[in-house]
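Worksheet for the structure shown next.
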Amino acid sequence: MENKKNDRINWKLYLNIGTIVFFLIVVYLAGNLVRYARRKKLAVYEVSNSEISDTIRSTGIILREEKVFKTKEEGYIHNYLPDGDRVRKGGIVYTLDKTGKIQEEVNRIIESNHDAIRLESSSILDDLRVFTDSYSDSDFYMVEDTDNQLEHDLLSYTGTLLSDNKKELEKKYGKDCYIEVRSKQSGLVSYSSDGLEELTQKNLTKKDISGKVHMTDLRTNEKTKAGTLVYRLTTSQDWQIILPLTKDDFARMNSLEENGVTKVKITIEKDDFKTTVPFTCFEKEDQGYMKLSFNNYVQRYLNQRYLSVKILLAEGRGLKIPASSLVERGAFRVPEEYLTKGSNSETKNHVNLIYKDKKGKEKVRQVTVKVFDAQDGMVSIYSNELNQGDRIEKLEDATTYSLDKVSVSYGVYTVNSGYAVFSHVDISERNEDYCIVNEDTSEIRLYDRIVLNSNTISENEIIY
């Protein structure tokens, strides 16, 4: 009877201990789950080798020194020069046939001259071949350009025949059979107009930037009235593109200009033309603008009023890291001769720190530091054991140096070893999302694992 009673007591005791242990395990697991749920999620990024570029894109309007000219009498216009050619002062731009007899004679020459027809057809076929070889859906503007070029071939060839047969026509119809209209100044001749020839930076409006105005071809075989536009003359190689910018882009470009940057690399996207040009920024009607100034290439875009431009602010190739992974640290600038080797090191990555013991007596101990950015005999050093105002000593001559010159250092947390290690990076290029760092002067290497969001972890924190 007594044995059975003791067995019940032992069983209850065993049952109570087992229940308590089980309960503690459950509490431990629940606590870990809660701690894991509340813990910031750690994302890791593998360092890659890549390139980035920082660009601004905008479509702007072209301003040129240009004039338009009208015919003073009615008649048939025969353009003497090909579109885009330069005319000298006093040179013939076009001829005016008052009666239409010259037009009839030119048509007769074309019909009777098979060689001329073959030459004209060959020119047209060449234009069509260029269009066929280079056209793509992304370059739809080429359809209009080719159409204008074909019409140019036909009309300009009429002017060529008129010039070649000038003596014969004068002999048959007299010297006054047509009027030669000459230019009063030199420049580039264009037979198109959009009505914006008098546009300047001063009278420019937001409506002008809209891009809704198009060039109209002034060439025709029909009889023209007095006062009809005939040609446009561009009188200078100087021209500008005015680009509207967003508030952020305007602030960036304005800041560059204020800091002494005067030129930018650009790409004109119509024909992928790359060059470097001066720029200035200005505001008008609560809109920020950027003016690109050229002193060449005006003929290249003579019949364009609007151009899409890509502005290249930065480009680089190297180790690519997310901007969110950057950690900003304060570093100290010290003379390079204050670096020393450690007791078991061949690398000068230590400094001799002066400190006071419990009795207030000054002593020296070595501190391991990260060393980077060596320039003109000075280096940047970083260590958690160093504070502003500390002094370091050069043991060779007992001279000291105070840690007062603070510089900004950037780094990332590498987690290759299971805990967060601050590693310095030397940024060569940066945009909003990514940075390119110089592998030779940084402490990270290709395929290193770094913390994606630096604010989710602390230095030396164990991650697994």
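Order determines the names: the first chain of the structure tokens is A, the second B, and so forth; residues in each chain are numbered 1 upward, and ligands are numbered 1 upward as they are shown.
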
**OP:** Quick one: everything within 10 Å of Asp404 in chain A, counting only C-alpha atoms, minus sequence neighbours fewer than 6 positions away in the same chain. Send it as a VMD selection string.
**Re:** chain A and resid 331 to 334 387 to 391

Could the residues in this selection be saved with all heavy atoms as an mmCIF file, in the first residue's frame?
```cif
data_model
loop_
_atom_site.group_PDB
_atom_site.id
_atom_site.type_symbol
_atom_site.label_atom_id
_atom_site.label_comp_id
_atom_site.auth_asym_id
_atom_site.auth_seq_id
_atom_site.Cartn_x
_atom_site.Cartn_y
_atom_site.Cartn_z
ATOM 1 N N ALA A 331 35.872 60.252 -40.905
ATOM 2 C CA ALA A 331 37.248 59.760 -40.885
ATOM 3 C C ALA A 331 38.172 60.931 -40.547
ATOM 4 O O ALA A 331 37.779 62.096 -40.633
ATOM 5 C CB ALA A 331 37.621 59.148 -42.224
ATOM 6 N N PHE A 332 39.394 60.611 -40.146
ATOM 7 C CA PHE A 332 40.362 61.636 -39.778
ATOM 8 C C PHE A 332 41.464 61.704 -40.831
ATOM 9 O O PHE A 332 41.983 60.676 -41.268
ATOM 10 C CB PHE A 332 40.972 61.342 -38.402
ATOM 11 C CG PHE A 332 39.962 61.320 -37.289
ATOM 12 C CD1 PHE A 332 39.544 60.117 -36.752
ATOM 13 C CD2 PHE A 332 39.428 62.498 -36.801
ATOM 14 C CE1 PHE A 332 38.610 60.083 -35.730
ATOM 15 C CE2 PHE A 332 38.491 62.475 -35.781
ATOM 16 C CZ PHE A 332 38.075 61.271 -35.240
ATOM 17 N N ARG A 333 41.823 62.931 -41.209
ATOM 18 C CA ARG A 333 42.936 63.151 -42.138
ATOM 19 C C ARG A 333 44.209 63.342 -41.313
ATOM 20 O O ARG A 333 44.284 64.244 -40.448
ATOM 21 C CB ARG A 333 42.691 64.377 -43.007
ATOM 22 C CG ARG A 333 41.524 64.260 -43.961
ATOM 23 C CD ARG A 333 41.779 63.258 -45.062
ATOM 24 N NE ARG A 333 42.743 63.724 -46.052
ATOM 25 C CZ ARG A 333 43.205 62.978 -47.029
ATOM 26 N NH1 ARG A 333 42.828 61.694 -47.132
ATOM 27 N NH2 ARG A 333 44.069 63.470 -47.915
ATOM 28 N N VAL A 334 45.209 62.500 -41.565
ATOM 29 C CA VAL A 334 46.456 62.570 -40.801
ATOM 30 C C VAL A 334 47.641 62.466 -41.761
ATOM 31 O O VAL A 334 47.517 61.911 -42.859
ATOM 32 C CB VAL A 334 46.531 61.433 -39.750
ATOM 33 C CG1 VAL A 334 45.350 61.496 -38.802
ATOM 34 C CG2 VAL A 334 46.615 60.069 -40.417
ATOM 35 N N ASN A 387 38.595 58.984 -31.507
ATOM 36 C CA ASN A 387 37.616 60.053 -31.337
ATOM 37 C C ASN A 387 38.262 61.392 -31.647
ATOM 38 O O ASN A 387 39.492 61.549 -31.556
ATOM 39 C CB ASN A 387 37.084 60.069 -29.900
ATOM 40 C CG ASN A 387 36.336 58.790 -29.547
ATOM 41 O OD1 ASN A 387 35.278 58.514 -30.081
ATOM 42 N ND2 ASN A 387 36.919 58.002 -28.641
ATOM 43 N N GLN A 388 37.419 62.344 -32.005
ATOM 44 C CA GLN A 388 37.934 63.674 -32.310
ATOM 45 C C GLN A 388 38.614 64.259 -31.063
ATOM 46 O O GLN A 388 38.080 64.200 -29.955
ATOM 47 C CB GLN A 388 36.803 64.594 -32.774
ATOM 48 C CG GLN A 388 37.296 65.896 -33.385
ATOM 49 C CD GLN A 388 36.194 66.638 -34.111
ATOM 50 O OE1 GLN A 388 35.038 66.238 -34.064
ATOM 51 N NE2 GLN A 388 36.543 67.719 -34.777
ATOM 52 N N GLY A 389 39.785 64.821 -31.254
ATOM 53 C CA GLY A 389 40.546 65.381 -30.148
ATOM 54 C C GLY A 389 41.634 64.451 -29.628
ATOM 55 O O GLY A 389 42.534 64.894 -28.885
ATOM 56 N N ASP A 390 41.569 63.155 -29.987
ATOM 57 C CA ASP A 390 42.635 62.228 -29.599
ATOM 58 C C ASP A 390 43.949 62.639 -30.253
ATOM 59 O O ASP A 390 43.972 63.342 -31.274
ATOM 60 C CB ASP A 390 42.289 60.795 -30.029
ATOM 61 C CG ASP A 390 41.239 60.159 -29.128
ATOM 62 O OD1 ASP A 390 40.971 60.720 -28.053
ATOM 63 O OD2 ASP A 390 40.695 59.109 -29.515
ATOM 64 N N ARG A 391 45.050 62.177 -29.637
ATOM 65 C CA ARG A 391 46.369 62.454 -30.210
ATOM 66 C C ARG A 391 47.069 61.137 -30.537
ATOM 67 O O ARG A 391 46.935 60.142 -29.821
ATOM 68 C CB ARG A 391 47.223 63.264 -29.244
ATOM 69 C CG ARG A 391 46.763 64.703 -29.044
ATOM 70 C CD ARG A 391 47.692 65.461 -28.114
ATOM 71 N NE ARG A 391 47.771 64.822 -26.795
ATOM 72 C CZ ARG A 391 48.897 64.672 -26.117
ATOM 73 N NH1 ARG A 391 50.066 65.081 -26.637
ATOM 74 N NH2 ARG A 391 48.897 64.094 -24.913
#
```

Original post:
Where does DSSP see strand (DSSP E) in range 175-252 of chain A, if you list the residues as a count of residues only?
Top reply: 29

**OP:** Fewer than 3 positions away in the same chain doesn't count, so skip those; otherwise give me all residues within 9 Å of Ser58 in chain A, counting only C-alpha atoms, as a list in words.
**Re:** Leu243, Pro244, Leu245, Leu307, Ser308, Val309, Lys310 and Ile311 of chain A

Please, could you write that set of residues out with all heavy atoms as a compact mmCIF listing (two decimals), in the first residue's frame?
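The resulting file, out.txt, is shown below:
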```txt
# COMPACT_ATOMS: atom_id res chain seq x y z
N LEU A 243 16.30 73.98 -73.98
CA LEU A 243 15.68 72.77 -73.43
C LEU A 243 14.91 73.09 -72.16
O LEU A 243 15.48 73.61 -71.20
CB LEU A 243 16.74 71.72 -73.12
CG LEU A 243 17.58 71.19 -74.27
CD1 LEU A 243 18.77 70.41 -73.73
CD2 LEU A 243 16.75 70.31 -75.19
N PRO A 244 13.61 72.77 -72.09
CA PRO A 244 12.88 72.91 -70.82
C PRO A 244 13.26 71.76 -69.90
O PRO A 244 13.40 70.61 -70.33
CB PRO A 244 11.42 72.81 -71.26
CG PRO A 244 11.44 72.00 -72.51
CD PRO A 244 12.75 72.32 -73.19
N LEU A 245 13.44 72.03 -68.60
CA LEU A 245 13.86 71.03 -67.63
C LEU A 245 12.84 70.93 -66.49
O LEU A 245 12.15 71.90 -66.18
CB LEU A 245 15.23 71.38 -67.04
CG LEU A 245 16.40 71.52 -68.00
CD1 LEU A 245 17.66 71.91 -67.23
CD2 LEU A 245 16.64 70.22 -68.78
N LEU A 307 14.60 69.35 -81.52
CA LEU A 307 15.52 68.22 -81.42
C LEU A 307 15.44 67.62 -80.01
O LEU A 307 15.37 68.35 -79.01
CB LEU A 307 16.97 68.65 -81.68
CG LEU A 307 17.34 68.99 -83.13
CD1 LEU A 307 18.76 69.53 -83.18
CD2 LEU A 307 17.21 67.78 -84.04
N SER A 308 15.45 66.29 -79.95
CA SER A 308 15.52 65.59 -78.67
C SER A 308 16.99 65.39 -78.31
O SER A 308 17.76 64.90 -79.13
CB SER A 308 14.79 64.25 -78.75
OG SER A 308 13.41 64.45 -78.95
N VAL A 309 17.34 65.74 -77.08
CA VAL A 309 18.73 65.75 -76.65
C VAL A 309 18.89 64.93 -75.37
O VAL A 309 18.05 65.01 -74.47
CB VAL A 309 19.23 67.19 -76.40
CG1 VAL A 309 20.68 67.19 -75.92
CG2 VAL A 309 19.11 68.01 -77.68
N LYS A 310 19.95 64.15 -75.31
CA LYS A 310 20.31 63.43 -74.09
C LYS A 310 21.58 64.07 -73.53
O LYS A 310 22.60 64.15 -74.21
CB LYS A 310 20.54 61.95 -74.39
CG LYS A 310 20.94 61.13 -73.17
CD LYS A 310 20.96 59.64 -73.47
CE LYS A 310 22.06 59.28 -74.45
NZ LYS A 310 22.18 57.83 -74.67
N ILE A 311 21.52 64.52 -72.29
CA ILE A 311 22.65 65.16 -71.63
C ILE A 311 23.31 64.15 -70.71
O ILE A 311 22.66 63.58 -69.83
CB ILE A 311 22.19 66.38 -70.82
CG1 ILE A 311 21.45 67.37 -71.73
CG2 ILE A 311 23.37 67.07 -70.15
CD1 ILE A 311 20.49 68.26 -70.99
```

Subject >> All residues 10 Å or closer to range 247-258 of chain A, only C-alpha atoms, same chain fewer than 4 positions away omitted, as a list in words >> reply: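 Counting only the stated atoms, we get Thr55, Ile56, Arg57, Thr262, Lys263, Val264, Phe279, Thr280, Cys281, Phe282, Glu283, Asp286, Gln287, Gly288, Tyr289, Met290 and Leu313 of chain A.
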
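Here the question is which of A:Lys225, A:Lys207, A:Arg305, A:Arg182 gets nearest to Asn79 in chain A using only C-alpha atoms, and that residue is A:Arg182.
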
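The shortest atom-to-atom distance to Leu218 in chain A, with only C-alpha atoms taken into account, belongs to A:Phe69 out of A:Phe294, A:Phe69, A:Tyr306, A:Trp239.
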
If you take only C-alpha atoms and a cut-off of 12 Å, which residues of range 394-438 of chain A touch range 340-343 of chain A, and what are their nearest atom pairs and distances in Å to one decimal, in chain and number order, as CSV?
```
residue,atom,partner,partner_atom,distance
A:Lys394,CA,A:Thr340,CA,8.5
A:Leu395,CA,A:Thr340,CA,9.4
A:Glu396,CA,A:Thr340,CA,10.5
```

Original post:
Looking at only C-alpha atoms, which of A:Ala398, A:Ala374, A:Ile62, A:Ile381 is the one that sits closest to Asn349 in chain A?
Top reply: A:Ile381

Original post:
Quick one: distance from CA of Leu42 in chain A to CA of Ser423 in chain A in Å, one decimal?
Top reply: 17.7 Å
